[in-house]
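One file, target.pdb, is given below (PDB, C-alpha atoms).
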```
MODEL        1
ATOM      1  CA  MET A 631     -35.552 -17.526  11.289
ATOM      2  CA  LYS A 632     -32.708 -19.971  11.680
ATOM      3  CA  PHE A 633     -29.099 -19.060  10.897
ATOM      4  CA  GLY A 634     -26.411 -21.686  10.323
ATOM      5  CA  ILE A 635     -22.857 -20.636  11.144
ATOM      6  CA  VAL A 636     -20.213 -22.731   9.401
ATOM      7  CA  ARG A 637     -17.258 -23.768  11.533
ATOM      8  CA  PHE A 638     -14.043 -24.782   9.778
ATOM      9  CA  PRO A 639     -10.840 -25.756  11.555
ATOM     10  CA  GLY A 640      -9.314 -22.303  12.045
ATOM     11  CA  SER A 641     -12.549 -20.321  12.076
ATOM     12  CA  CYS A 642     -12.340 -17.841  14.919
ATOM     13  CA  ASP A 643     -15.358 -15.561  14.620
ATOM     14  CA  ASP A 644     -17.907 -18.372  14.577
ATOM     15  CA  VAL A 645     -18.953 -17.862  18.196
ATOM     16  CA  ASP A 646     -19.336 -14.102  17.811
ATOM     17  CA  ALA A 647     -21.379 -14.724  14.665
ATOM     18  CA  LEU A 648     -23.491 -17.288  16.523
ATOM     19  CA  ARG A 649     -24.175 -14.886  19.392
ATOM     20  CA  ALA A 650     -24.957 -11.987  17.070
ATOM     21  CA  ALA A 651     -27.330 -14.182  15.059
ATOM     22  CA  GLN A 652     -28.999 -15.348  18.280
ATOM     23  CA  ARG A 653     -29.910 -11.744  19.025
ATOM     24  CA  VAL A 654     -31.934 -11.803  15.849
ATOM     25  CA  GLY A 655     -33.207 -15.376  15.571
ATOM     26  CA  ASP A 656     -32.245 -19.002  16.123
ATOM     27  CA  ALA A 657     -28.732 -20.031  15.198
ATOM     28  CA  VAL A 658     -26.755 -23.263  15.047
ATOM     29  CA  ILE A 659     -23.183 -24.225  14.208
ATOM     30  CA  LEU A 660     -22.619 -26.191  11.000
ATOM     31  CA  TRP A 661     -19.526 -28.384  11.220
ATOM     32  CA  HIS A 662     -17.323 -28.316   8.113
ATOM     33  CA  ALA A 663     -17.211 -32.093   7.752
ATOM     34  CA  GLU A 664     -20.987 -32.539   7.740
ATOM     35  CA  ARG A 665     -23.095 -32.558   4.640
ATOM     36  CA  ASP A 666     -26.144 -31.264   6.443
ATOM     37  CA  LEU A 667     -27.378 -27.702   6.698
ATOM     38  CA  HIS A 668     -30.011 -28.637   9.324
ATOM     39  CA  GLY A 669     -32.783 -26.772   7.544
ATOM     40  CA  VAL A 670     -31.374 -23.299   8.129
ATOM     41  CA  ASP A 671     -32.838 -20.254   6.369
ATOM     42  CA  ALA A 672     -29.463 -18.592   5.884
ATOM     43  CA  VAL A 673     -25.847 -19.734   6.007
ATOM     44  CA  VAL A 674     -23.142 -17.527   7.511
ATOM     45  CA  ILE A 675     -19.515 -18.271   6.692
ATOM     46  CA  PRO A 676     -17.611 -16.486   9.446
ATOM     47  CA  GLY A 677     -14.203 -14.927   9.704
ATOM     48  CA  GLY A 678     -10.994 -16.567  10.781
ATOM     49  CA  PHE A 679      -8.225 -18.578   9.221
ATOM     50  CA  SER A 680      -9.931 -21.644   7.776
ATOM     51  CA  TYR A 681      -7.421 -24.449   7.338
ATOM     52  CA  GLY A 682      -4.696 -22.084   8.493
ATOM     53  CA  ASP A 683      -5.071 -20.023   5.296
ATOM     54  CA  TYR A 684      -2.765 -22.615   3.745
ATOM     55  CA  LEU A 685      -1.925 -22.130   0.074
ATOM     56  CA  ARG A 686      -4.187 -19.044  -0.297
ATOM     57  CA  VAL A 687      -6.890 -17.598   1.902
ATOM     58  CA  GLY A 688     -10.053 -19.644   1.422
ATOM     59  CA  ALA A 689      -8.445 -22.034  -1.052
ATOM     60  CA  ILE A 690      -8.796 -25.198   1.027
ATOM     61  CA  ALA A 691     -12.070 -24.412   2.783
ATOM     62  CA  ARG A 692     -13.977 -24.338  -0.468
ATOM     63  CA  PHE A 693     -13.442 -28.102  -0.762
ATOM     64  CA  ALA A 694     -14.869 -28.885   2.688
ATOM     65  CA  PRO A 695     -17.872 -31.253   2.581
ATOM     66  CA  VAL A 696     -20.185 -28.588   3.979
ATOM     67  CA  MET A 697     -19.277 -26.269   1.092
ATOM     68  CA  ALA A 698     -20.782 -28.686  -1.433
ATOM     69  CA  GLU A 699     -24.052 -28.317   0.472
ATOM     70  CA  VAL A 700     -23.642 -24.541   0.667
ATOM     71  CA  ALA A 701     -23.085 -24.414  -3.114
ATOM     72  CA  ASP A 702     -26.274 -26.455  -3.718
ATOM     73  CA  PHE A 703     -28.158 -24.288  -1.216
ATOM     74  CA  ALA A 704     -26.966 -21.132  -3.002
ATOM     75  CA  ALA A 705     -27.848 -22.574  -6.409
ATOM     76  CA  GLU A 706     -31.414 -23.053  -5.187
ATOM     77  CA  GLY A 707     -31.587 -19.438  -4.068
ATOM     78  CA  GLY A 708     -30.602 -19.981  -0.427
ATOM     79  CA  LEU A 709     -29.188 -16.963   1.420
ATOM     80  CA  VAL A 710     -25.445 -17.082   2.072
ATOM     81  CA  LEU A 711     -23.464 -14.421   3.926
ATOM     82  CA  GLY A 712     -19.660 -14.537   3.944
ATOM     83  CA  ILE A 713     -17.761 -12.372   6.410
ATOM     84  CA  CYS A 714     -14.038 -11.670   5.966
ATOM     85  CA  ASN A 715     -12.502 -15.137   5.600
ATOM     86  CA  GLY A 716     -16.018 -16.252   4.630
ATOM     87  CA  PHE A 717     -15.962 -13.679   1.816
ATOM     88  CA  GLN A 718     -12.603 -15.053   0.689
ATOM     89  CA  VAL A 719     -13.969 -18.607   0.745
ATOM     90  CA  LEU A 720     -17.010 -17.635  -1.349
ATOM     91  CA  CYS A 721     -14.770 -15.937  -3.927
ATOM     92  CA  GLU A 722     -12.518 -18.994  -4.108
ATOM     93  CA  ALA A 723     -15.591 -21.198  -4.491
ATOM     94  CA  GLY A 724     -16.769 -19.109  -7.430
ATOM     95  CA  LEU A 725     -19.975 -18.191  -5.579
ATOM     96  CA  LEU A 726     -18.946 -14.523  -5.650
ATOM     97  CA  PRO A 727     -17.001 -12.618  -8.311
ATOM     98  CA  GLY A 728     -13.449 -11.401  -7.753
ATOM     99  CA  ALA A 729     -10.792 -12.183  -5.187
ATOM    100  CA  LEU A 730      -9.228 -10.715  -2.059
ATOM    101  CA  LEU A 731      -5.558  -9.732  -2.239
ATOM    102  CA  PRO A 732      -3.109  -8.704   0.504
ATOM    103  CA  ASN A 733      -3.719  -5.201   1.879
ATOM    104  CA  LEU A 734      -1.738  -2.551   0.030
ATOM    105  CA  SER A 735      -0.043  -1.679   3.323
ATOM    106  CA  LEU A 736       0.952  -5.349   3.732
ATOM    107  CA  ARG A 737      -0.173  -4.845   7.321
ATOM    108  CA  PHE A 738      -2.929  -6.278   9.428
ATOM    109  CA  VAL A 739      -5.580  -3.584   9.909
ATOM    110  CA  CYS A 740      -7.992  -3.554  12.815
ATOM    111  CA  ARG A 741     -10.245  -0.537  13.076
ATOM    112  CA  GLN A 742     -13.756   0.791  12.980
ATOM    113  CA  VAL A 743     -14.727   1.961   9.476
ATOM    114  CA  ALA A 744     -17.624   3.924   8.072
ATOM    115  CA  LEU A 745     -19.502   2.070   5.365
ATOM    116  CA  GLU A 746     -21.878   3.360   2.754
ATOM    117  CA  VAL A 747     -24.819   1.079   2.019
ATOM    118  CA  VAL A 748     -24.988   1.352  -1.769
ATOM    119  CA  ARG A 749     -28.347  -0.347  -1.993
ATOM    120  CA  CYS A 750     -31.039  -1.228   0.519
ATOM    121  CA  ASP A 751     -33.120  -3.459  -1.726
ATOM    122  CA  THR A 752     -31.180  -6.630  -0.981
ATOM    123  CA  PRO A 753     -31.935  -9.409   1.526
ATOM    124  CA  PHE A 754     -28.773  -8.375   3.368
ATOM    125  CA  THR A 755     -29.406  -4.632   3.671
ATOM    126  CA  CYS A 756     -33.178  -4.138   3.592
ATOM    127  CA  ALA A 757     -33.161  -3.026   7.254
ATOM    128  CA  CYS A 758     -30.671  -0.236   6.467
ATOM    129  CA  GLU A 759     -33.213   2.129   4.851
ATOM    130  CA  THR A 760     -32.997   4.628   7.683
ATOM    131  CA  SER A 761     -29.292   4.148   8.319
ATOM    132  CA  ARG A 762     -27.345   4.253   5.088
ATOM    133  CA  GLU A 763     -24.044   4.738   6.878
ATOM    134  CA  LEU A 764     -22.830   1.916   9.100
ATOM    135  CA  SER A 765     -19.976   1.813  11.592
ATOM    136  CA  ILE A 766     -18.486  -1.679  11.636
ATOM    137  CA  PRO A 767     -14.924  -2.874  12.347
ATOM    138  CA  VAL A 768     -12.554  -4.492   9.879
ATOM    139  CA  LYS A 769      -9.684  -6.757  10.913
ATOM    140  CA  HIS A 770      -7.735  -8.471   8.182
ATOM    141  CA  THR A 771      -4.484  -8.723   6.258
ATOM    142  CA  THR A 772      -5.958  -9.924   2.971
ATOM    143  CA  GLY A 773      -8.919  -7.698   2.227
ATOM    144  CA  ARG A 774      -8.111  -5.808  -0.959
ATOM    145  CA  TYR A 775     -11.008  -6.521  -3.261
ATOM    146  CA  TYR A 776      -9.970  -7.164  -6.838
ATOM    147  CA  ALA A 777     -11.807  -8.056 -10.001
ATOM    148  CA  PRO A 778     -10.544  -7.811 -13.590
ATOM    149  CA  ALA A 779     -11.627  -4.566 -15.289
ATOM    150  CA  ASP A 780     -14.409  -6.110 -17.382
ATOM    151  CA  GLN A 781     -15.834  -8.018 -14.425
ATOM    152  CA  LEU A 782     -15.608  -4.950 -12.215
ATOM    153  CA  GLN A 783     -17.554  -2.921 -14.756
ATOM    154  CA  GLU A 784     -20.119  -5.681 -15.091
ATOM    155  CA  LEU A 785     -20.737  -6.035 -11.382
ATOM    156  CA  THR A 786     -20.879  -2.288 -10.849
ATOM    157  CA  ALA A 787     -23.357  -1.862 -13.700
ATOM    158  CA  GLY A 788     -25.318  -4.869 -12.448
ATOM    159  CA  GLY A 789     -25.760  -3.360  -8.986
ATOM    160  CA  GLN A 790     -23.703  -6.049  -7.297
ATOM    161  CA  VAL A 791     -21.704  -3.594  -5.196
ATOM    162  CA  VAL A 792     -23.689  -3.465  -1.961
ATOM    163  CA  LEU A 793     -21.238  -1.825   0.454
ATOM    164  CA  ARG A 794     -18.435   0.683   0.011
ATOM    165  CA  TYR A 795     -15.943   2.100   2.455
ATOM    166  CA  GLY A 796     -16.755   5.717   3.296
ATOM    167  CA  ALA A 797     -14.666   8.505   1.759
ATOM    168  CA  GLY A 798     -11.079   8.209   2.938
ATOM    169  CA  GLN A 799     -11.848   5.056   4.919
ATOM    170  CA  ASN A 800     -10.630   2.363   2.515
ATOM    171  CA  PRO A 801      -8.412   0.279   4.816
ATOM    172  CA  ASN A 802      -6.843  -2.076   2.279
ATOM    173  CA  GLY A 803      -6.730  -0.575  -1.216
ATOM    174  CA  SER A 804      -9.887  -2.308  -2.469
ATOM    175  CA  MET A 805     -10.867  -1.319  -5.997
ATOM    176  CA  ASN A 806     -13.547   1.389  -6.073
ATOM    177  CA  ASP A 807     -13.693   1.290  -2.257
ATOM    178  CA  ILE A 808     -15.667  -1.953  -2.479
ATOM    179  CA  ALA A 809     -16.375  -3.461   0.944
ATOM    180  CA  GLY A 810     -19.064  -5.956  -0.004
ATOM    181  CA  VAL A 811     -20.447  -7.549  -3.172
ATOM    182  CA  ARG A 812     -23.262  -9.899  -4.007
ATOM    183  CA  ASN A 813     -23.669 -12.417  -6.789
ATOM    184  CA  ALA A 814     -25.703 -11.646  -9.913
ATOM    185  CA  GLU A 815     -28.721 -13.545  -8.527
ATOM    186  CA  GLY A 816     -28.558 -11.522  -5.314
ATOM    187  CA  ASN A 817     -28.702 -14.342  -2.756
ATOM    188  CA  VAL A 818     -24.992 -14.587  -1.902
ATOM    189  CA  PHE A 819     -23.207 -11.659  -0.262
ATOM    190  CA  GLY A 820     -19.684 -11.238   1.036
ATOM    191  CA  LEU A 821     -18.096  -8.378   2.969
ATOM    192  CA  MET A 822     -14.777  -7.747   4.676
ATOM    193  CA  PRO A 823     -16.128  -5.793   7.695
ATOM    194  CA  HIS A 824     -17.425  -7.819  10.640
ATOM    195  CA  PRO A 825     -21.115  -7.210  11.446
ATOM    196  CA  GLU A 826     -20.890  -9.765  14.267
ATOM    197  CA  HIS A 827     -18.380  -7.535  16.073
ATOM    198  CA  ALA A 828     -20.818  -4.611  15.960
ATOM    199  CA  ALA A 829     -23.695  -6.297  17.724
ATOM    200  CA  ASP A 830     -23.446  -5.017  21.285
ATOM    201  CA  PRO A 831     -23.390  -1.437  22.629
ATOM    202  CA  LEU A 832     -20.411  -2.496  24.745
ATOM    203  CA  THR A 833     -18.191  -2.421  21.660
ATOM    204  CA  GLY A 834     -19.472   0.925  20.452
ATOM    205  CA  SER A 835     -21.812   0.096  17.601
ATOM    206  CA  THR A 836     -24.739  -2.213  16.941
ATOM    207  CA  ASP A 837     -24.878  -1.437  13.222
ATOM    208  CA  GLY A 838     -23.801  -4.968  12.376
ATOM    209  CA  LEU A 839     -27.122  -6.262  13.620
ATOM    210  CA  LEU A 840     -28.793  -4.429  10.740
ATOM    211  CA  ILE A 841     -27.281  -6.938   8.314
ATOM    212  CA  LEU A 842     -28.666  -9.876  10.295
ATOM    213  CA  GLU A 843     -31.987  -8.108  10.883
ATOM    214  CA  SER A 844     -32.221  -7.554   7.144
ATOM    215  CA  LEU A 845     -31.930 -11.293   6.605
ATOM    216  CA  ARG A 846     -34.593 -11.974   9.200
ATOM    217  CA  ALA A 847     -36.936  -9.376   7.706
ATOM    218  CA  HIS A 848     -36.388 -10.845   4.263
ATOM    219  CA  VAL A 849     -37.041 -14.414   5.409
ATOM    220  CA  ASP A 850     -40.081 -13.375   7.469
ATOM    221  CA  SER A 851     -41.564 -11.575   4.483
ATOM    222  CA  ARG A 852     -41.344 -14.622   2.251
ATOM    223  CA  VAL A 853     -44.662 -16.235   1.490
ATOM    224  CA  PRO A 854     -44.719 -19.686   3.131
ATOM    225  CA  VAL A 855     -44.694 -22.475   0.571
TER     226      VAL A 855
ATOM    227  CA  MET B 137      15.530 -33.667  -1.929
ATOM    228  CA  ALA B 138      14.873 -37.432  -1.765
ATOM    229  CA  ALA B 139      14.867 -39.422  -4.992
ATOM    230  CA  PRO B 140      11.399 -39.818  -6.476
ATOM    231  CA  HIS B 141       9.675 -43.166  -6.340
ATOM    232  CA  GLN B 142       9.814 -45.387  -9.379
ATOM    233  CA  GLY B 143       7.485 -44.150 -12.105
ATOM    234  CA  LEU B 144       6.878 -40.811 -10.470
ATOM    235  CA  MET B 145       7.502 -37.516 -12.209
ATOM    236  CA  ARG B 146       8.932 -34.725 -10.146
ATOM    237  CA  ALA B 147       7.619 -31.260 -10.831
ATOM    238  CA  ARG B 148       7.619 -27.744  -9.495
ATOM    239  CA  VAL B 149       4.763 -25.330  -9.882
ATOM    240  CA  LEU B 150       5.732 -21.666  -9.796
ATOM    241  CA  VAL B 151       2.906 -19.279  -8.948
ATOM    242  CA  ARG B 152       3.187 -15.513  -9.266
ATOM    243  CA  PRO B 153       0.814 -12.544  -9.185
ATOM    244  CA  LYS B 154      -0.779 -11.982 -12.569
ATOM    245  CA  GLU B 155       0.813  -9.222 -14.591
ATOM    246  CA  GLY B 156      -0.876  -5.892 -14.058
ATOM    247  CA  ILE B 157      -2.099  -6.707 -10.566
ATOM    248  CA  LEU B 158      -0.539  -4.456  -7.977
ATOM    249  CA  ASP B 159       2.014  -6.511  -6.027
ATOM    250  CA  PRO B 160       2.972  -4.570  -2.892
ATOM    251  CA  GLN B 161       5.137  -7.429  -1.675
ATOM    252  CA  GLY B 162       7.252  -7.362  -4.820
ATOM    253  CA  GLN B 163       7.523  -3.567  -4.608
ATOM    254  CA  THR B 164       8.650  -3.772  -1.001
ATOM    255  CA  VAL B 165      11.338  -6.325  -1.811
ATOM    256  CA  GLU B 166      12.486  -4.158  -4.721
ATOM    257  CA  ARG B 167      12.797  -1.132  -2.427
ATOM    258  CA  ALA B 168      14.647  -3.208   0.153
ATOM    259  CA  LEU B 169      17.154  -4.405  -2.453
ATOM    260  CA  LYS B 170      17.750  -0.804  -3.516
ATOM    261  CA  ALA B 171      18.189   0.201   0.120
ATOM    262  CA  LEU B 172      20.884  -2.466   0.414
ATOM    263  CA  GLY B 173      22.703  -0.938  -2.528
ATOM    264  CA  PHE B 174      21.704  -3.421  -5.221
ATOM    265  CA  ALA B 175      21.130  -1.112  -8.167
ATOM    266  CA  GLY B 176      19.462  -2.017 -11.449
ATOM    267  CA  VAL B 177      16.799  -4.336 -10.084
ATOM    268  CA  ARG B 178      13.318  -4.059 -11.594
ATOM    269  CA  ASN B 179       9.988  -5.869 -11.776
ATOM    270  CA  VAL B 180      10.384  -7.855  -8.582
ATOM    271  CA  HIS B 181       7.481 -10.193  -7.862
ATOM    272  CA  VAL B 182       7.025 -12.576  -4.989
ATOM    273  CA  GLY B 183       5.156 -15.802  -5.577
ATOM    274  CA  ARG B 184       5.348 -19.319  -4.253
ATOM    275  CA  MET B 185       6.749 -22.649  -5.346
ATOM    276  CA  ILE B 186       5.011 -25.981  -4.917
ATOM    277  CA  GLU B 187       7.093 -29.118  -5.294
ATOM    278  CA  LEU B 188       5.457 -32.439  -5.975
ATOM    279  CA  GLU B 189       5.859 -35.919  -7.359
ATOM    280  CA  LEU B 190       3.070 -37.356  -9.394
ATOM    281  CA  ASP B 191       2.077 -40.367 -11.483
ATOM    282  CA  ASP B 192       0.258 -38.491 -14.200
ATOM    283  CA  PRO B 193       1.823 -35.137 -15.143
ATOM    284  CA  GLN B 194      -0.917 -34.546 -17.679
ATOM    285  CA  ARG B 195      -3.274 -33.698 -14.865
ATOM    286  CA  LEU B 196      -0.995 -31.089 -13.342
ATOM    287  CA  PRO B 197      -2.352 -28.108 -15.338
ATOM    288  CA  GLU B 198      -5.823 -28.960 -14.076
ATOM    289  CA  MET B 199      -4.460 -29.116 -10.518
ATOM    290  CA  CYS B 200      -2.921 -25.672 -11.042
ATOM    291  CA  ASN B 201      -6.164 -24.178 -12.266
ATOM    292  CA  ARG B 202      -8.398 -25.789  -9.664
ATOM    293  CA  LEU B 203      -6.308 -25.490  -6.533
ATOM    294  CA  LEU B 204      -2.625 -24.609  -6.695
ATOM    295  CA  ALA B 205      -3.269 -21.187  -8.238
ATOM    296  CA  ASN B 206      -6.246 -18.870  -8.574
ATOM    297  CA  PRO B 207      -6.222 -18.060 -12.311
ATOM    298  CA  LEU B 208      -8.105 -14.831 -11.685
ATOM    299  CA  ILE B 209      -5.155 -13.318  -9.838
ATOM    300  CA  GLU B 210      -2.201 -15.623 -10.464
ATOM    301  CA  ASP B 211      -0.170 -17.064 -13.332
ATOM    302  CA  TRP B 212       1.546 -20.396 -12.995
ATOM    303  CA  GLU B 213       4.152 -22.418 -14.772
ATOM    304  CA  ILE B 214       5.364 -25.958 -14.356
ATOM    305  CA  GLU B 215       8.921 -27.208 -14.328
ATOM    306  CA  TYR B 216       9.518 -30.921 -14.794
ATOM    307  CA  GLY B 217      12.668 -32.737 -13.792
ATOM    308  CA  ASP B 218      15.014 -33.168 -10.888
ATOM    309  CA  GLY B 219      16.115 -29.579 -10.376
ATOM    310  CA  ALA B 220      19.145 -29.579 -12.660
ATOM    311  CA  GLY B 221      18.160 -28.871 -16.253
ATOM    312  CA  MET B 222      14.465 -28.759 -15.604
ATOM    313  CA  THR B 223      12.190 -28.290 -18.562
ATOM    314  CA  THR B 224       9.372 -25.790 -18.466
ATOM    315  CA  GLU B 225       6.089 -26.832 -19.936
ATOM    316  CA  GLY B 226       3.301 -24.384 -19.184
ATOM    317  CA  ALA B 227       3.584 -20.678 -18.598
ATOM    318  CA  GLY B 228       1.436 -17.741 -17.733
ATOM    319  CA  ALA B 229      -1.929 -16.741 -18.986
ATOM    320  CA  ALA B 230      -1.627 -18.521 -22.329
ATOM    321  CA  ALA B 231      -0.953 -21.836 -20.617
ATOM    322  CA  ASN B 232      -3.822 -21.223 -18.212
ATOM    323  CA  GLU B 233      -6.133 -20.751 -21.159
ATOM    324  CA  ARG B 234      -4.856 -23.855 -22.899
ATOM    325  CA  ALA B 235      -5.615 -25.858 -19.801
ATOM    326  CA  GLY B 236      -9.174 -24.580 -19.718
ATOM    327  CA  ALA B 237      -9.189 -21.849 -17.100
ATOM    328  CA  GLU B 238     -12.943 -21.447 -17.388
ATOM    329  CA  GLU B 239     -13.665 -24.776 -15.738
ATOM    330  CA  VAL B 240     -11.685 -23.680 -12.697
ATOM    331  CA  ARG B 241     -14.316 -21.492 -11.164
ATOM    332  CA  GLY B 242     -16.948 -24.206 -11.160
ATOM    333  CA  ALA B 243     -18.257 -25.737  -7.963
ATOM    334  CA  GLY B 244     -15.653 -27.911  -6.285
TER     335      GLY B 244
ENDMDL
END
```

Let me see the structure of the file written as structure tokens.
Amino acid sequence: MKFGIVRFPGSCDDVDALRAAQRVGDAVILWHAERDLHGVDAVVIPGGFSYGDYLRVGAIARFAPVMAEVADFAAEGGLVLGICNGFQVLCEAGLLPGALLPNLSLRFVCRQVALEVVRCDTPFTCACETSRELSIPVKHTTGRYYAPADQLQELTAGGQVVLRYGAGQNPNGSMNDIAGVRNAEGNVFGLMPHPEHAADPLTGSTDGLLILESLRAHVDSRVPV
Amino acid sequence: MAAPHQGLMRARVLVRPKEGILDPQGQTVERALKALGFAGVRNVHVGRMIELELDDPQRLPEMCNRLLANPLIEDWEIEYGDGAGMTTEGAGAAANERAGAEEVRGAG
């Protein structure tokens, strides 16, 4: 299992994501200016402030050369995980539905949140069967998930809501407590909480590893071509 | 503002949160104005303004839909001219639709 962690100018959680992924499999950094995914099994777009969050969060990063490759990879069914700023980038790129708006509080939030795994039959959550509640930190200013009413209904009915904030835990005013959504095909997933920051007992929780272990289990279970 | 180069059109793109989307920034500014004693202020929204000079103004709506605004959450309008007596050409959701908002979300 080989993870590829995209690094944009302004990414800041790329190294944590790399180290977390290395606990689960092989992992390499993918530079934003390269059009080469180096044969990875899954792409992780990490958190941070890609291109300084200029214009809108994620708006510039989606045009990076590597994103053209990520879009092709996703179109062929490749696994793509977007965390925080990575989630914002995937929404801007049209690879995930909806958008992330400024927190209702207009404040930066940084805290551990309880998450409900809505479904465990996805490549990103299949290792969460025995642990449907995860404890993972959030840290963002622009994390309020929004989708127009019809789209929200569609993605809820279509089982695209994968993670929700636990009762009373919604840190940003996200619609329907949505913390993470996937695309209709199920191979692209974005979430605001940071699994890579919950990967070592030192920081209080290793629940984040379950997301990466899910990906590994999914890839390992695939029949070799 | 410096004079535009020969043949260039000067324009401003105004971007604001789409109507109906909760705008906590606008609400906060509205409350602050009231706190300062400015009564009778309503519907405050905070957006951004992008100033540019361009050869081909016809392509500006496409630029708005593909980069300058996110049509899912924002409305935009364009002002052409030099600041004094600017003319407005596109506005809000209707203009976004005219310019083909659906192509915006395609791969870039």

Please evaluate the PyMOL selection byres ((chain A and resi 795-808) around 8) against the structure above and give the resulting residues as a VMD selection string.
chain A and resid 732 to 735 739 743 to 746 772 to 777 791 793 to 794 809 to 811

With distances taken over only C-alpha atoms, the candidate from B:Arg195, B:Arg148, B:Arg167, B:Arg184 nearest chain A is B:Arg184

A:Gly682, A:Gly716, A:Gly728, A:Gly707 ranked by distance to chain B, top pick (using all atoms listed in the file):
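Counting all atoms listed in the file, the residue closest to chain B is A:Gly728.
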
Taking only C-alpha atoms into account and nothing else, which residues of chain B lie no more than 12 Å away from chain A? Please answer as a PDB file with C-alpha atoms, in the frame of the given file.
```
ATOM      1  CA  VAL B 151       2.906 -19.279  -8.948  1.00  0.00           C
ATOM      2  CA  PRO B 153       0.814 -12.544  -9.185  1.00  0.00           C
ATOM      3  CA  LYS B 154      -0.779 -11.982 -12.569  1.00  0.00           C
ATOM      4  CA  GLU B 155       0.813  -9.222 -14.591  1.00  0.00           C
ATOM      5  CA  GLY B 156      -0.876  -5.892 -14.058  1.00  0.00           C
ATOM      6  CA  ILE B 157      -2.099  -6.707 -10.566  1.00  0.00           C
ATOM      7  CA  LEU B 158      -0.539  -4.456  -7.977  1.00  0.00           C
ATOM      8  CA  ASP B 159       2.014  -6.511  -6.027  1.00  0.00           C
ATOM      9  CA  PRO B 160       2.972  -4.570  -2.892  1.00  0.00           C
ATOM     10  CA  GLN B 161       5.137  -7.429  -1.675  1.00  0.00           C
ATOM     11  CA  GLY B 162       7.252  -7.362  -4.820  1.00  0.00           C
ATOM     12  CA  GLN B 163       7.523  -3.567  -4.608  1.00  0.00           C
ATOM     13  CA  THR B 164       8.650  -3.772  -1.001  1.00  0.00           C
ATOM     14  CA  VAL B 165      11.338  -6.325  -1.811  1.00  0.00           C
ATOM     15  CA  GLY B 183       5.156 -15.802  -5.577  1.00  0.00           C
ATOM     16  CA  ARG B 184       5.348 -19.319  -4.253  1.00  0.00           C
ATOM     17  CA  MET B 185       6.749 -22.649  -5.346  1.00  0.00           C
ATOM     18  CA  ILE B 186       5.011 -25.981  -4.917  1.00  0.00           C
ATOM     19  CA  CYS B 200      -2.921 -25.672 -11.042  1.00  0.00           C
ATOM     20  CA  ASN B 201      -6.164 -24.178 -12.266  1.00  0.00           C
ATOM     21  CA  ARG B 202      -8.398 -25.789  -9.664  1.00  0.00           C
ATOM     22  CA  LEU B 203      -6.308 -25.490  -6.533  1.00  0.00           C
ATOM     23  CA  LEU B 204      -2.625 -24.609  -6.695  1.00  0.00           C
ATOM     24  CA  ALA B 205      -3.269 -21.187  -8.238  1.00  0.00           C
ATOM     25  CA  ASN B 206      -6.246 -18.870  -8.574  1.00  0.00           C
ATOM     26  CA  PRO B 207      -6.222 -18.060 -12.311  1.00  0.00           C
ATOM     27  CA  LEU B 208      -8.105 -14.831 -11.685  1.00  0.00           C
ATOM     28  CA  ILE B 209      -5.155 -13.318  -9.838  1.00  0.00           C
ATOM     29  CA  GLU B 210      -2.201 -15.623 -10.464  1.00  0.00           C
ATOM     30  CA  GLU B 238     -12.943 -21.447 -17.388  1.00  0.00           C
ATOM     31  CA  GLU B 239     -13.665 -24.776 -15.738  1.00  0.00           C
ATOM     32  CA  VAL B 240     -11.685 -23.680 -12.697  1.00  0.00           C
ATOM     33  CA  ARG B 241     -14.316 -21.492 -11.164  1.00  0.00           C
ATOM     34  CA  GLY B 242     -16.948 -24.206 -11.160  1.00  0.00           C
ATOM     35  CA  ALA B 243     -18.257 -25.737  -7.963  1.00  0.00           C
ATOM     36  CA  GLY B 244     -15.653 -27.911  -6.285  1.00  0.00           C
TER      37      GLY B 244
END
```

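Using only C-alpha atoms, the residues found no farther than 7 Å from Gln742 (chain A), other than those of its own chain fewer than 4 positions away, are Ser765, Ile766, Pro767 and Val768 of chain A.
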
Where does the PyMOL selection byres ((chain A and resi 666) around 10) land in this file, that is, which residues does it pick, as a list in words?
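Going through the file, the PyMOL selection byres ((chain A and resi 666) around 10) ends up selecting Leu660, Trp661, His662, Ala663, Glu664, Arg665, Leu667, His668, Gly669, Val670, Pro695, Val696, Ala698, Glu699 and Val700 of chain A.
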
Please measure the separation of CA of Gly688 (chain A) and CA of Ala828 (chain A), giving the value in Å to one decimal.
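Pair CA of Gly688 (chain A) / CA of Ala828 (chain A) returns 23.5 Å.
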
Go through the shown structure with the PyMOL selection byres ((chain A and resi 676) around 12) and write out the matching residues as number ranges by chain.
A: 633-648, 650-651, 659-660, 662, 673-675, 677-680, 688, 691, 710-720, 820-827

Find the residue from A:Leu764, A:Leu726, A:Leu709, A:Ala672 that sits nearest to Arg812 (chain A); use all atoms listed in the file when measuring.
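Of all the options, A:Leu726 lies closest to Arg812 (chain A).
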
Just the number, please: distance in Å from CA of Asn817 (chain A) to CA of Gln783 (chain A), one decimal.
20.0 Å

Which residue is closest to Asp656 (chain A)? Choose from A:Arg852, A:Gln790, A:Arg846, A:Ile841 and count all atoms listed in the file.
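Looking only at the distances to Asp656 (chain A), the closest residue turns out to be A:Arg846.
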